[in-house]
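A short worksheet on the structure shown next.
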Amino acid sequence: MANETESAGQRIQSQLSSLAVLPLDTAETAPASLRNRYDIAIDAIKSYIIQKKLSPGDPLPNEATLCEELSVSRSSVREAVRKLEALHIVKVIHGKGIFVGDLSLEPLVETLSFRTIVNQDANLTKLRDVIQVRRILDLGVAQQVVDAMEGTPRPDLEKLVRHMEKQAKKHTTFLEQDIEFHSRLFDETHNEVLKQLAHSLWLVHMAVLPQLGLTVSENLGTAAASHNNMLQAAIAGDVDAYRDAVVEHYKPIEGILNSYLG
């Protein structure tokens with residue numbers, strides 16, 4: 001097992017090293033069939049950010065300087081920056097310059113949302129896949145959440161639950177409070193990647209449902225109650241009850257999808 005781990009680590013290190021020493025002077029001579037010069041410029045800019053140990057918000061050189069330092073044409077740099085901005089890797093502020101972007105997962109939300117909607121024959125199956133991943137994440141962090149919240153009153157989450165219960169009685173959805181509730185639970189993990197991924201999947205879920213003509217929940221009361229059960233189980237330190245509440249939370253939407261898909 002140790003050798004396998006070491007081998008995997010060596011492969012990752014090798015990939016990072018190859019990126020860091022990318023032969024930038026080939027940008028203008030590499031055959032288009034082998035590598036698009038814009039893609040080379042993209043890798044060069046990413047390599048620059050890694051080499052300089054830059055962080056979100058840090059400034060990058062202007063176009064002219066990037067052309068000189070990366071040995072690529074201005075048109076290549078301009079196109080690379082445009083593509084990297086779409087991925088939130090860089091950010092262009094007109095009149096100020098180019099900066100390292102926030103590196104958020106927002107592009108993932110856009111891609112997954114479109115991917116889930118675009119294929120009319122398989123979109124419900126893809127939505128079920130998204131929901132399954134959400135449930136796996138919620139179950140996977142159960143122990144961390146319970147350990148962090150055990151014995152600690154959470155009036156902020158109680159307030160969200162009460163609002164959801166009131167909305168459910170009026171047969172009104174509570175999307176904003178639902179997102180906020182799960183976001184605060186994932187805050188307890190102190191894992192930024194998990195938090196962003198969970199939030200992104202939630203946004204995909206909510207973005208897709210209206211497009212498919214599905215309601216948010218088959219039973220709003222069940223959804224509201226499951227949130228309260230998750231909260232009370234976490235405060236009580238009961239991880240099994242917490243996981244049971246998570247499963248109950250997903251039953252309504254899973255029931256809807258299963259009825260359509262058979």
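Naming scheme: A, B, ... for chains in displayed order of the structure tokens; residues 1 onward per chain; ligands 1 onward as shown.
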Residues within 12 Å of Ile131 (chain A), only C-alpha atoms, excluding chain neighbours under 2 positions, as a ChimeraX atom specification: /A:116,124-129,133-138,198,200-206,208-209,247,249-257
From a DSSP pass on the backbone, collect the residues of region 40-227 of chain A flagged as alpha helix (DSSP H) and hand them back as a PyMOL selection string. chain A and resi 40-51+63-70+74-86+106-118+123-140+142-149+155-169+175-187+192-211+220-227
List as a PDB file with C-alpha atoms, in the first residue's frame the protein and nucleic acid residues near Val141 (chain A), meaning an atom at most 12 Å away when only C-alpha atoms are counted, but skip any in the same chain fewer than 5 places from it.
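Saved as result_22.pdb:
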```
ATOM      1  CA  ARG A 134     -25.513  15.380  -2.611  1.00  0.00           C
ATOM      2  CA  ARG A 135     -26.841  12.673  -0.298  1.00  0.00           C
ATOM      3  CA  ILE A 136     -23.465  10.899  -0.260  1.00  0.00           C
ATOM      4  CA  VAL A 146     -22.191  15.974  14.872  1.00  0.00           C
ATOM      5  CA  ASP A 147     -18.783  16.186  16.576  1.00  0.00           C
ATOM      6  CA  ALA A 148     -18.658  19.937  15.969  1.00  0.00           C
ATOM      7  CA  HIS A 182     -26.957  23.063   4.515  1.00  0.00           C
ATOM      8  CA  LEU A 185     -23.751  22.565   8.368  1.00  0.00           C
ATOM      9  CA  PHE A 186     -20.896  22.221   5.912  1.00  0.00           C
ATOM     10  CA  ASP A 187     -19.181  25.188   7.566  1.00  0.00           C
ATOM     11  CA  GLU A 188     -18.586  22.823  10.479  1.00  0.00           C
ATOM     12  CA  THR A 189     -16.261  20.682   8.343  1.00  0.00           C
ATOM     13  CA  HIS A 190     -13.840  23.584   7.762  1.00  0.00           C
ATOM     14  CA  ASN A 191     -13.225  22.077   4.331  1.00  0.00           C
ATOM     15  CA  LEU A 194     -16.411  20.230   0.349  1.00  0.00           C
ATOM     16  CA  LYS A 195     -18.365  23.405   1.084  1.00  0.00           C
ATOM     17  CA  ALA A 198     -21.917  20.772  -1.841  1.00  0.00           C
ATOM     18  CA  ALA A 234     -26.427  16.911  15.748  1.00  0.00           C
ATOM     19  CA  VAL A 239     -24.746  10.480  14.472  1.00  0.00           C
ATOM     20  CA  TYR A 242     -28.467  12.432  12.025  1.00  0.00           C
ATOM     21  CA  ARG A 243     -27.843  10.038   9.129  1.00  0.00           C
ATOM     22  CA  VAL A 246     -30.456  12.913   6.026  1.00  0.00           C
TER      23      VAL A 246
END
```
Need to verify the contact set: region 59-70 of chain A, 10 Å, only C-alpha atoms, exclusion of same-chain residues closer than 3 positions in sequence. Can you return it as a ChimeraX atom specification? /A:22-25,27,40-41,44-45,47-49,52,54-56,73-78,81,90-92,96-101
Which residues, written as a list in words, have at least one atom at most 12 Å from Gln167 (chain A), with only C-alpha atoms counted and residues fewer than 2 positions away on the same chain left out?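 In the requested format, the answer is Leu160, Val161, Arg162, His163, Met164, Glu165, Lys169, Lys170, His171, Thr172, Thr173, Phe174, Leu175, Glu176, Gln177, Asp178, Asn219, Leu220, Gly221, Ala223, Ala224 and Ala225 of chain A.
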Selected residue, from A:Leu139, A:Val72, A:Ile50, A:Ala86, that lies nearest to Ala241 (chain A) when counting only C-alpha atoms: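 Closest residue, counting only C-alpha atoms: A:Leu139.
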Can you list every residue in region 66-173 of chain A that DSSP puts in strand (DSSP E), as a list in words?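 Matching residues for strand (DSSP E) in region 66-173 of chain A are Val90, Lys91, Val92, Ile93, Gly97, Ile98, Phe99 and Val100 of chain A.
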Would you save the residues from that selection as an mmCIF file, in the first residue's frame, using N, CA and C atoms?
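Output below, filename part_33.cif:
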```cif
data_model
loop_
_atom_site.group_PDB
_atom_site.id
_atom_site.type_symbol
_atom_site.label_atom_id
_atom_site.label_comp_id
_atom_site.auth_asym_id
_atom_site.auth_seq_id
_atom_site.Cartn_x
_atom_site.Cartn_y
_atom_site.Cartn_z
ATOM 1 N N VAL A 90 -8.703 33.588 -13.686
ATOM 2 C CA VAL A 90 -8.249 34.976 -13.678
ATOM 3 C C VAL A 90 -9.463 35.888 -13.724
ATOM 4 N N LYS A 91 -9.232 37.142 -13.388
ATOM 5 C CA LYS A 91 -10.293 38.149 -13.444
ATOM 6 C C LYS A 91 -9.724 39.415 -14.046
ATOM 7 N N VAL A 92 -10.432 39.957 -15.024
ATOM 8 C CA VAL A 92 -9.997 41.203 -15.669
ATOM 9 C C VAL A 92 -10.847 42.342 -15.134
ATOM 10 N N ILE A 93 -10.193 43.335 -14.591
ATOM 11 C CA ILE A 93 -10.880 44.549 -14.130
ATOM 12 C C ILE A 93 -10.447 45.680 -15.039
ATOM 13 N N GLY A 97 -6.405 46.039 -14.534
ATOM 14 C CA GLY A 97 -5.487 44.983 -14.938
ATOM 15 C C GLY A 97 -6.067 43.589 -14.801
ATOM 16 N N ILE A 98 -5.161 42.617 -14.796
ATOM 17 C CA ILE A 98 -5.529 41.202 -14.714
ATOM 18 C C ILE A 98 -5.133 40.681 -13.338
ATOM 19 N N PHE A 99 -6.029 39.924 -12.715
ATOM 20 C CA PHE A 99 -5.786 39.414 -11.373
ATOM 21 C C PHE A 99 -6.106 37.918 -11.326
ATOM 22 N N VAL A 100 -5.553 37.247 -10.331
ATOM 23 C CA VAL A 100 -5.928 35.848 -10.105
ATOM 24 C C VAL A 100 -7.391 35.836 -9.661
#
```
What does the distance between CA of Asn229 (chain A) and CA of Glu180 (chain A) come to in Å, to one decimal place?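 Result for CA of Asn229 (chain A) versus CA of Glu180 (chain A): 16.2 Å, one decimal.
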